[in-house]
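my_file_33.txt, holding compact mmCIF, C-alpha atoms:
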```
# COMPACT_ATOMS: atom_id res chain seq x y z
CA MET A 1 118.37 81.67 96.67
CA LYS A 2 120.30 84.15 94.60
CA THR A 3 118.93 87.63 94.32
CA HIS A 4 117.90 88.76 90.86
CA LEU A 5 119.59 92.08 90.23
CA LEU A 6 117.48 93.45 87.41
CA LEU A 7 118.40 97.10 86.95
CA LEU A 8 115.46 99.34 87.68
CA LEU A 9 117.22 102.20 89.34
CA LEU A 10 117.96 105.41 87.60
CA VAL A 11 121.22 106.83 88.82
CA LEU A 12 122.10 110.14 87.22
CA PRO A 13 123.91 113.26 88.41
CA LEU A 14 121.45 115.72 89.87
CA SER A 15 120.46 118.30 87.27
CA HIS A 16 119.27 121.86 87.62
CA THR A 17 115.69 120.59 87.56
CA LEU A 18 115.95 119.73 91.25
CA GLN A 19 117.32 123.09 92.33
CA THR A 20 114.04 124.98 92.66
CA PRO A 21 112.53 125.25 96.16
CA GLN A 22 109.62 123.06 95.10
CA CYS A 23 111.95 120.33 93.90
CA ASP A 24 114.49 120.46 96.69
CA LYS A 25 112.65 120.70 99.98
CA PRO A 26 114.79 120.05 103.07
CA SER A 27 114.77 116.46 104.27
CA HIS A 28 113.02 115.74 107.55
CA GLY A 29 114.30 112.79 109.55
CA SER A 30 113.96 109.71 107.35
CA ASP A 31 111.44 111.21 104.92
CA LEU A 32 112.39 111.56 101.24
CA GLN A 33 110.54 113.40 98.49
CA VAL A 34 109.15 111.20 95.72
CA PHE A 35 108.70 112.54 92.19
CA HIS A 36 106.98 111.11 89.17
CA ILE A 37 109.28 110.85 86.15
CA TYR A 38 107.03 113.26 84.21
CA SER A 39 107.22 115.88 86.97
CA PRO A 40 108.87 119.26 86.23
CA CYS A 41 111.28 118.20 89.00
CA SER A 42 112.41 115.21 86.96
CA PRO A 43 115.21 115.37 84.36
CA PHE A 44 113.69 112.26 82.76
CA ARG A 45 110.51 113.91 81.51
CA PRO A 46 110.26 113.99 77.71
CA ALA A 47 112.04 116.92 76.07
CA LYS A 48 108.98 117.36 73.88
CA PRO A 49 105.72 117.08 75.84
CA LEU A 50 103.77 114.01 74.84
CA SER A 51 100.11 114.10 73.97
CA TRP A 52 97.75 112.44 76.43
CA GLU A 53 97.31 109.47 74.13
CA GLU A 54 101.06 109.15 73.51
CA SER A 55 101.88 109.24 77.23
CA VAL A 56 99.20 106.68 78.11
CA LEU A 57 100.26 104.30 75.35
CA GLN A 58 103.93 104.72 76.31
CA MET A 59 103.25 103.91 79.95
CA GLN A 60 101.13 100.96 78.93
CA ALA A 61 103.88 99.61 76.66
CA LYS A 62 106.34 99.80 79.55
CA ASP A 63 103.85 97.96 81.73
CA GLN A 64 103.86 95.11 79.21
CA ALA A 65 107.57 94.67 79.83
CA ARG A 66 107.11 95.06 83.58
CA LEU A 67 104.59 92.23 83.64
CA GLN A 68 106.96 90.05 81.66
CA TYR A 69 109.65 90.74 84.23
CA LEU A 70 107.41 90.02 87.23
CA SER A 71 106.16 86.84 85.55
CA SER A 72 109.74 85.72 85.00
CA LEU A 73 110.45 86.24 88.70
CA VAL A 74 107.48 84.06 89.61
CA ALA A 75 108.55 81.43 87.08
CA GLY A 76 111.92 81.26 88.82
CA LYS A 77 114.17 82.14 85.90
CA SER A 78 117.68 82.94 87.07
CA VAL A 79 118.40 85.29 84.16
CA VAL A 80 115.84 87.69 82.78
CA PRO A 81 116.34 88.41 79.07
CA ILE A 82 116.76 92.01 78.06
CA ALA A 83 113.74 91.74 75.78
CA SER A 84 111.58 91.25 78.86
CA GLY A 85 113.06 93.94 81.03
CA ARG A 86 114.46 96.54 78.72
CA GLN A 87 111.68 99.08 78.77
CA ILE A 88 111.17 98.87 82.51
CA ILE A 89 114.86 99.24 83.12
CA GLN A 90 114.93 102.43 81.12
CA SER A 91 111.77 103.94 82.53
CA PRO A 92 111.18 103.88 86.26
CA THR A 93 108.02 105.56 87.46
CA TYR A 94 108.94 107.23 90.76
CA ILE A 95 112.31 108.59 91.75
CA VAL A 96 113.98 109.75 94.97
CA LYS A 97 117.18 111.66 95.66
CA ALA A 98 120.08 109.91 97.37
CA LYS A 99 123.77 110.50 98.04
CA ILE A 100 126.58 107.99 97.67
CA GLY A 101 130.21 108.16 98.74
CA THR A 102 132.51 110.48 100.72
CA PRO A 103 132.30 113.28 99.78
CA ALA A 104 128.73 112.58 98.74
CA GLN A 105 127.67 112.47 95.09
CA THR A 106 123.98 113.25 94.63
CA LEU A 107 122.04 110.83 92.46
CA LEU A 108 118.45 110.08 91.44
CA MET A 109 117.18 106.56 92.06
CA ALA A 110 114.00 104.76 91.15
CA MET A 111 112.24 103.10 94.07
CA ASP A 112 111.07 99.57 93.39
CA THR A 113 109.25 97.30 95.83
CA SER A 114 109.70 94.14 93.75
CA ASN A 115 113.50 94.18 93.59
CA ASP A 116 116.27 93.99 96.13
CA ALA A 117 119.77 95.14 95.35
CA ALA A 118 121.34 98.27 93.96
CA TRP A 119 123.80 98.42 91.13
CA ILE A 120 125.37 101.56 89.75
CA PRO A 121 127.48 102.40 86.69
CA CYS A 122 130.88 103.37 88.10
CA SER A 123 133.90 105.40 87.04
CA GLY A 124 136.10 103.60 84.56
CA CYS A 125 133.21 101.54 83.22
CA VAL A 126 133.81 100.44 79.65
CA GLY A 127 130.67 100.98 77.59
CA CYS A 128 128.79 103.08 80.18
CA SER A 129 127.66 106.63 79.51
CA SER A 130 130.28 108.96 80.99
CA SER A 131 127.60 111.39 82.14
CA THR A 132 125.86 108.87 84.37
CA VAL A 133 128.60 107.14 86.34
CA PHE A 134 129.32 107.22 90.06
CA ASP A 135 132.93 108.31 90.45
CA SER A 136 134.07 105.71 92.94
CA VAL A 137 137.67 106.89 92.71
CA LYS A 138 136.70 110.17 94.40
CA SER A 139 135.01 108.41 97.34
CA THR A 140 137.29 107.75 100.31
CA SER A 141 134.74 105.31 101.81
CA PHE A 142 134.41 103.11 98.71
CA LYS A 143 135.50 99.46 99.14
CA SER A 144 135.31 96.23 97.18
CA VAL A 145 133.51 93.21 98.65
CA GLY A 146 135.66 90.11 99.03
CA CYS A 147 134.92 86.71 97.57
CA GLY A 148 134.50 85.24 101.03
CA ALA A 149 131.72 87.64 101.99
CA ALA A 150 128.21 86.24 102.38
CA GLN A 151 126.90 88.84 99.90
CA CYS A 152 129.04 87.30 97.14
CA LYS A 153 126.83 84.22 97.27
CA GLN A 154 123.70 86.36 96.80
CA VAL A 155 124.56 87.77 93.36
CA PRO A 156 124.17 85.92 90.04
CA ASN A 157 127.17 84.13 88.56
CA PRO A 158 129.79 85.30 91.09
CA THR A 159 133.47 85.07 90.17
CA CYS A 160 136.72 86.17 91.79
CA SER A 161 139.40 88.53 90.57
CA GLY A 162 142.08 88.27 93.18
CA SER A 163 140.07 88.59 96.36
CA ALA A 164 137.32 90.83 94.93
CA CYS A 165 133.82 89.52 94.18
CA GLN A 166 132.57 90.11 90.66
CA PHE A 167 129.50 88.97 88.76
CA ASN A 168 128.30 88.87 85.18
CA MET A 169 124.85 89.02 83.65
CA THR A 170 123.66 88.61 80.07
CA TYR A 171 120.54 90.26 78.61
CA GLY A 172 119.79 89.11 75.09
CA SER A 173 122.52 90.65 72.90
CA SER A 174 123.98 92.66 75.78
CA SER A 175 126.00 91.86 78.86
CA LEU A 176 127.54 93.58 81.84
CA ALA A 177 130.16 92.90 84.47
CA ALA A 178 130.09 94.43 87.94
CA ASN A 179 132.19 94.50 91.08
CA LEU A 180 130.35 93.94 94.33
CA SER A 181 131.09 97.04 96.37
CA ARG A 182 130.37 98.97 99.55
CA ASP A 183 130.04 102.67 100.24
CA THR A 184 128.07 105.12 102.34
CA LEU A 185 124.53 105.66 101.07
CA THR A 186 122.72 108.67 102.51
CA LEU A 187 118.92 108.84 102.37
CA ALA A 188 117.32 112.05 103.67
CA THR A 189 119.44 112.76 106.77
CA ASP A 190 120.40 109.12 107.40
CA PRO A 191 123.93 107.93 106.50
CA ILE A 192 124.14 104.17 105.87
CA PRO A 193 127.82 103.15 105.99
CA GLY A 194 128.98 100.11 104.08
CA TYR A 195 125.95 99.76 101.81
CA THR A 196 126.45 96.84 99.39
CA PHE A 197 125.72 97.34 95.68
CA GLY A 198 126.97 96.31 92.26
CA CYS A 199 129.45 98.70 90.64
CA ILE A 200 129.29 98.19 86.86
CA SER A 201 132.72 97.95 85.25
CA LYS A 202 131.84 96.89 81.71
CA ALA A 203 128.77 96.99 79.49
CA THR A 204 128.53 95.65 75.94
CA GLY A 205 125.74 95.82 73.39
CA THR A 206 123.12 98.47 72.83
CA SER A 207 120.54 97.47 75.42
CA VAL A 208 122.43 97.84 78.70
CA PRO A 209 121.03 101.03 80.26
CA PRO A 210 123.11 103.57 82.20
CA GLN A 211 121.11 102.98 85.38
CA GLY A 212 120.85 101.13 88.70
CA LEU A 213 118.27 100.31 91.54
CA LEU A 214 117.13 101.19 95.07
CA GLY A 215 115.46 97.91 95.96
CA LEU A 216 112.71 97.97 98.59
CA GLY A 217 111.95 94.25 98.43
CA ARG A 218 112.42 91.69 101.21
CA GLY A 219 115.50 89.85 99.88
CA PRO A 220 118.94 89.74 101.54
CA LEU A 221 120.53 92.62 99.58
CA SER A 222 117.54 94.96 99.75
CA LEU A 223 117.54 98.31 101.51
CA MET A 224 115.27 96.89 104.21
CA SER A 225 117.55 93.92 104.86
CA GLN A 226 120.72 96.03 104.92
CA THR A 227 119.25 98.61 107.32
CA GLN A 228 117.30 96.44 109.76
CA SER A 229 118.86 98.11 112.82
CA LEU A 230 118.03 101.58 111.45
CA TYR A 231 114.66 101.18 109.73
CA LYS A 232 113.36 97.95 111.35
CA SER A 233 112.26 96.63 107.93
CA THR A 234 109.45 99.19 107.86
CA PHE A 235 108.63 101.89 105.32
CA SER A 236 105.71 103.63 103.66
CA TYR A 237 105.20 105.81 100.64
CA CYS A 238 102.62 108.16 99.23
CA LEU A 239 102.73 108.41 95.43
CA PRO A 240 101.73 111.65 93.71
CA ASN A 241 99.28 111.58 90.83
CA PHE A 242 101.06 111.72 87.49
CA ARG A 243 98.38 114.14 86.25
CA ALA A 244 99.42 116.61 88.95
CA PRO A 245 103.16 116.81 88.23
CA ASN A 246 103.83 119.68 90.64
CA PHE A 247 103.00 117.45 93.58
CA SER A 248 105.67 115.40 95.26
CA GLY A 249 104.99 112.40 97.44
CA SER A 250 107.12 110.91 100.17
CA LEU A 251 109.08 107.78 101.05
CA ARG A 252 109.10 107.40 104.85
CA LEU A 253 111.72 105.00 106.18
CA GLY A 254 111.50 103.29 109.57
CA PRO A 255 108.66 102.84 112.10
CA THR A 256 108.80 106.43 113.40
CA ALA A 257 105.99 108.71 112.19
CA GLN A 258 104.15 105.93 110.38
CA PRO A 259 100.35 106.20 110.52
CA VAL A 260 98.82 104.68 113.64
CA ARG A 261 95.22 104.52 112.49
CA ILE A 262 95.58 102.52 109.31
CA LYS A 263 93.78 99.39 108.21
CA THR A 264 96.10 96.51 107.45
CA THR A 265 96.11 93.03 105.98
CA PRO A 266 98.62 90.22 106.57
CA LEU A 267 101.60 89.87 104.24
CA LEU A 268 101.99 86.40 102.77
CA LYS A 269 105.35 84.65 102.48
CA ASN A 270 106.52 83.06 99.27
CA PRO A 271 109.89 81.36 99.93
CA ARG A 272 110.48 81.02 96.18
CA ARG A 273 110.03 84.76 95.62
CA SER A 274 110.68 86.29 99.00
CA SER A 275 111.15 89.80 97.59
CA LEU A 276 107.55 90.26 96.47
CA TYR A 277 104.88 91.70 98.78
CA TYR A 278 102.03 89.20 98.49
CA VAL A 279 98.62 89.78 100.08
CA ASN A 280 95.39 87.80 100.07
CA LEU A 281 92.93 89.42 97.67
CA MET A 282 89.67 87.69 98.61
CA ALA A 283 87.15 89.50 96.42
CA ILE A 284 86.50 92.61 94.32
CA ARG A 285 83.42 94.78 94.53
CA VAL A 286 82.13 97.05 91.75
CA GLY A 287 79.87 99.62 93.34
CA ARG A 288 78.11 97.71 96.12
CA ARG A 289 78.06 94.32 94.42
CA VAL A 290 80.75 91.67 94.85
CA VAL A 291 81.90 90.38 91.47
CA ASP A 292 81.54 86.66 90.73
CA ILE A 293 85.17 85.54 90.38
CA PRO A 294 86.45 81.94 90.35
CA PRO A 295 88.22 81.50 93.73
CA ALA A 296 91.18 79.79 92.05
CA ALA A 297 91.91 82.98 90.08
CA LEU A 298 92.59 84.87 93.33
CA ALA A 299 94.20 82.08 95.36
CA PHE A 300 97.74 82.40 96.71
CA ASP A 301 100.02 79.53 95.69
CA PRO A 302 103.70 79.77 96.68
CA VAL A 303 104.58 76.89 94.36
CA THR A 304 103.33 78.54 91.16
CA GLY A 305 103.71 82.11 92.43
CA ALA A 306 100.03 82.80 91.89
CA GLY A 307 98.36 85.46 93.99
CA THR A 308 98.29 89.23 94.39
CA ILE A 309 101.13 91.68 94.99
CA PHE A 310 101.46 95.43 95.57
CA ASP A 311 104.07 96.81 93.17
CA SER A 312 105.44 100.35 92.84
CA GLY A 313 106.85 99.85 89.34
CA THR A 314 103.72 98.82 87.40
CA VAL A 315 101.55 101.79 86.39
CA PHE A 316 98.15 100.22 85.67
CA THR A 317 96.68 97.36 87.72
CA ARG A 318 96.87 94.03 85.90
CA LEU A 319 94.59 91.15 86.77
CA VAL A 320 94.68 87.58 85.47
CA ALA A 321 92.18 87.15 82.66
CA PRO A 322 89.29 85.50 84.60
CA VAL A 323 89.49 88.22 87.26
CA TYR A 324 89.82 91.14 84.88
CA ASN A 325 87.05 89.95 82.56
CA ALA A 326 84.63 89.59 85.47
CA VAL A 327 85.50 93.04 86.89
CA ARG A 328 85.37 94.70 83.47
CA ASP A 329 81.98 93.18 82.64
CA ALA A 330 80.56 94.26 86.01
CA TYR A 331 81.96 97.77 85.50
CA ARG A 332 80.45 98.07 82.02
CA LYS A 333 77.12 96.85 83.34
CA ARG A 334 77.10 99.54 86.02
CA ILE A 335 77.91 102.23 83.45
CA GLY A 336 74.90 101.21 81.38
CA ASN A 337 74.32 101.56 77.66
CA ALA A 338 77.15 103.98 76.82
CA THR A 339 79.19 103.03 73.76
CA VAL A 340 82.44 101.26 74.66
CA THR A 341 85.61 101.98 72.67
CA SER A 342 89.27 101.05 73.17
CA LEU A 343 92.68 102.69 73.36
CA GLY A 344 95.70 100.45 72.94
CA GLY A 345 95.35 97.70 75.52
CA PHE A 346 92.54 99.46 77.38
CA ASP A 347 89.31 97.86 76.25
CA THR A 348 86.82 99.86 78.32
CA CYS A 349 86.83 103.48 77.17
CA TYR A 350 84.01 105.98 76.78
CA SER A 351 83.86 109.09 74.64
CA ALA A 352 80.74 110.39 76.39
CA PRO A 353 80.76 111.57 80.03
CA ILE A 354 80.12 108.76 82.51
CA VAL A 355 79.51 108.39 86.22
CA SER A 356 82.03 105.81 87.34
CA PRO A 357 81.24 103.34 90.11
CA THR A 358 83.89 102.67 92.72
CA ILE A 359 85.93 99.49 92.71
CA THR A 360 86.87 97.92 96.05
CA PHE A 361 89.67 95.43 96.61
CA MET A 362 88.74 93.26 99.59
CA PHE A 363 91.47 91.79 101.83
CA PRO A 364 91.33 90.21 105.29
CA GLY A 365 91.02 93.13 107.71
CA MET A 366 91.04 95.79 105.00
CA ASN A 367 88.91 97.02 102.12
CA VAL A 368 90.51 99.48 99.70
CA THR A 369 87.94 101.49 97.75
CA MET A 370 89.18 103.21 94.61
CA PRO A 371 87.51 106.52 93.75
CA PRO A 372 87.24 107.58 90.07
CA ASP A 373 90.60 109.42 90.21
CA ASN A 374 92.31 106.09 90.80
CA LEU A 375 90.23 104.23 88.22
CA LEU A 376 89.94 106.41 85.14
CA ILE A 377 92.43 108.06 82.84
CA HIS A 378 90.92 111.11 81.13
CA SER A 379 91.87 112.87 77.93
CA THR A 380 91.77 116.62 78.45
CA ALA A 381 91.47 117.15 74.70
CA GLY A 382 89.25 114.43 73.24
CA GLY A 383 87.00 113.71 76.19
CA LEU A 384 87.92 110.01 76.26
CA SER A 385 87.85 108.15 79.60
CA CYS A 386 89.32 104.66 80.04
CA LEU A 387 89.21 102.17 82.88
CA ALA A 388 92.88 102.11 83.96
CA MET A 389 93.16 98.36 84.40
CA ALA A 390 93.84 95.51 82.04
CA ALA A 391 94.35 91.78 81.80
CA ALA A 392 97.87 90.36 81.74
CA PRO A 393 99.46 90.65 78.27
CA ASP A 394 98.71 87.82 75.86
CA ASN A 395 102.42 86.97 75.58
CA VAL A 396 102.84 86.60 79.34
CA ASN A 397 101.76 83.44 81.10
CA SER A 398 101.08 85.45 84.23
CA VAL A 399 99.52 84.08 87.39
CA LEU A 400 99.95 87.38 89.25
CA ASN A 401 97.38 90.02 90.08
CA VAL A 402 99.33 93.28 90.41
CA ILE A 403 97.95 96.26 92.36
CA ALA A 404 99.78 99.02 90.51
CA ASN A 405 100.88 102.55 91.29
CA MET A 406 98.00 104.44 89.67
CA GLN A 407 95.60 102.63 91.98
CA GLN A 408 97.96 103.41 94.89
CA GLN A 409 98.26 107.15 94.18
CA ASN A 410 97.11 109.49 96.95
CA HIS A 411 97.21 106.64 99.45
CA ARG A 412 99.77 105.96 102.18
CA ILE A 413 100.99 102.39 101.60
CA LEU A 414 102.65 100.90 104.69
CA PHE A 415 105.02 97.92 104.49
CA ASP A 416 105.56 96.57 108.01
CA VAL A 417 107.64 93.41 107.61
CA PRO A 418 108.32 92.67 111.33
CA ASN A 419 104.58 92.57 111.97
CA SER A 420 103.96 90.94 108.58
CA ARG A 421 101.34 93.44 107.46
CA LEU A 422 100.58 95.87 104.67
CA GLY A 423 98.41 98.92 105.30
CA VAL A 424 96.55 101.39 103.11
CA ALA A 425 95.09 104.78 104.07
CA ARG A 426 93.85 107.70 101.97
CA GLU A 427 96.30 110.61 101.97
CA ARG A 428 96.79 113.58 99.68
CA CYS A 429 100.34 113.25 98.35
CA THR A 430 101.64 116.79 98.11
```
Can you present the structure in this file as structure tokens?
Amino acid sequence: MKTHLLLLLLVLPLSHTLQTPQCDKPSHGSDLQVFHIYSPCSPFRPAKPLSWEESVLQMQAKDQARLQYLSSLVAGKSVVPIASGRQIIQSPTYIVKAKIGTPAQTLLMAMDTSNDAAWIPCSGCVGCSSSTVFDSVKSTSFKSVGCGAAQCKQVPNPTCSGSACQFNMTYGSSSLAANLSRDTLTLATDPIPGYTFGCISKATGTSVPPQGLLGLGRGPLSLMSQTQSLYKSTFSYCLPNFRAPNFSGSLRLGPTAQPVRIKTTPLLKNPRRSSLYYVNLMAIRVGRRVVDIPPAALAFDPVTGAGTIFDSGTVFTRLVAPVYNAVRDAYRKRIGNATVTSLGGFDTCYSAPIVSPTITFMFPGMNVTMPPDNLLIHSTAGGLSCLAMAAAPDNVNSVLNVIANMQQQNHRILFDVPNSRLGVARERCT
């Protein structure tokens, strides 16, 4: 099955924002710092600070596009239209620092657990922003991938120019062409020679972004697949809270130094969408009471793609309508008679102070209880609090329940593919 190379990776030259001690801590082993895009350490934060309401609505709008993208993966579409992916492409949530080439060029990349390959705007690209390209000409270790290579069969619409493998993709009114390439990728202190990625040579239209992807999925061109001998298809991350932008989390690659005492649940395999990290969500508890949810709404089905995934690129947890409605109603009942208001797509907001119950996701072998910090978004100005979950967008025929990054913040999330398990443990991400 061909890998879907949707561009979710920000690749930009490192700016002065990462030159302070806080933003440029020394790497330790295979441990990378993780920053939220709104962090002072991020060059992608808005030039003009957004209000709380503006930032929440902006993140929610990007989630709409993210859900469309994930739904298109499940539906098995070979080409994802730019209308579905555009906002996600342009706005990753968490970024890490990497180096590519010899001598190394330092870049910022978005980490994404639901995608596989990398592709990067390269020197000489027609239609790419000149300030964001990787200068492949200056790298002595840069090579093109030949048409006979196995990787050439794993990209969409491969073609040959001489002996070099190329591919083309179309997104709505825009298109791009890329050369399949190899070069040394360095993460923390680990050099990875011969890393395969797409090197963009031409972009047309207004919607092709000047970005690329560090894919942490399970497909053949993902970081985990390309570094099996080094990282053993194992990694974990701890995501910092976006309301505490000075904090940085970590991306820990390989089995070394992973938590030993961590509760885990089996990973499920979906041959149709092997990149996604499916788990078996059996039930949801609000406070101490298990919510009455139709079993079919939680069931894993590899044919339709239905089920539950952990995803690093979605901000707010999205549940299919029968699941969300049941959880929301149980949550409102526990809150009591307080007046319910809305904000954008959040339909359970309160202007008066509330005491929030916990919400627990229940998996085989593992219960994950969300404290209020992982459940509520708070306005510091207006006193509004909203339940940070929603149903799938009306325009998305989604069968996926997505455990998103706000609900993962300040937890260590372990992806252990060889042992087919996913683990979650509370951890302060600083």
- Item | Nearest to Tyr237 (chain A), chosen from A:Leu107, A:Ile37, A:Ile200, A:Ala425, with all atoms listed in the file counted in the distances | A:Ala425
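Using all atoms listed in the file for every distance, the candidate list A:Leu387, A:Ile293, A:Ile403, A:Val303 yields A:Val303 as the residue closest to Asn270 (chain A).
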- Nearest residue to Leu400 (chain A) from the set A:Leu187, A:Val74, A:Val315, A:Ile262 (distances using all atoms listed in the file):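 Using all atoms listed in the file, Leu400 (chain A) sits closest to A:Val74.
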Around region 316-322 of chain A, fit a box with edges along x, y and z, padding it by 5 Å on each side, then list its centre and edge lengths in Å to one decimal as AutoDock Vina command-line options.
```
--center_x 93.7 --center_y 92.9 --center_z 85.2 --size_x 18.9 --size_y 24.7 --size_z 15.1
```
- Which one of A:Leu70, A:Cys238, A:Val96, A:Met224 sits closest to Gln409 (chain A) if you count only C-alpha atoms?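 Using only C-alpha atoms, the shortest distance to Gln409 (chain A) belongs to A:Cys238.
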- Query: Which residue, A:Gln60, A:Tyr331, A:Val340, A:Phe142, has the smallest gap to Ser356 (chain A) when you use only C-alpha atoms?
  - Reply: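 Of A:Gln60, A:Tyr331, A:Val340, A:Phe142, the one nearest Ser356 (chain A) is A:Tyr331, counting only C-alpha atoms.
Residue nearest Val402 (chain A), chosen from A:Ala306, A:Leu251, A:Ala188, A:Val424 and counting all atoms listed in the file: A:Ala306.
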Need to verify the contact set: region 362-373 of chain A, 6 Å, all atoms listed in the file, exclusion of same-chain residues closer than 2 positions in sequence. Can you return it as a compact mmCIF listing (two decimals) with C-alpha atoms, in the frame of the given file?
```txt
# COMPACT_ATOMS: atom_id res chain seq x y z
CA LYS A 263 93.78 99.39 108.21
CA THR A 264 96.10 96.51 107.45
CA THR A 265 96.11 93.03 105.98
CA ASN A 280 95.39 87.80 100.07
CA LEU A 281 92.93 89.42 97.67
CA MET A 282 89.67 87.69 98.61
CA ALA A 283 87.15 89.50 96.42
CA ILE A 284 86.50 92.61 94.32
CA THR A 358 83.89 102.67 92.72
CA ILE A 359 85.93 99.49 92.71
CA THR A 360 86.87 97.92 96.05
CA LEU A 375 90.23 104.23 88.22
CA LEU A 376 89.94 106.41 85.14
```
- Mind checking which residues fall within 6 Å of Ala391 (chain A), counting all atoms listed in the file, ignoring those fewer than 3 positions away in the same chain, and posting them as a ChimeraX atom specification? /A:318-321,324
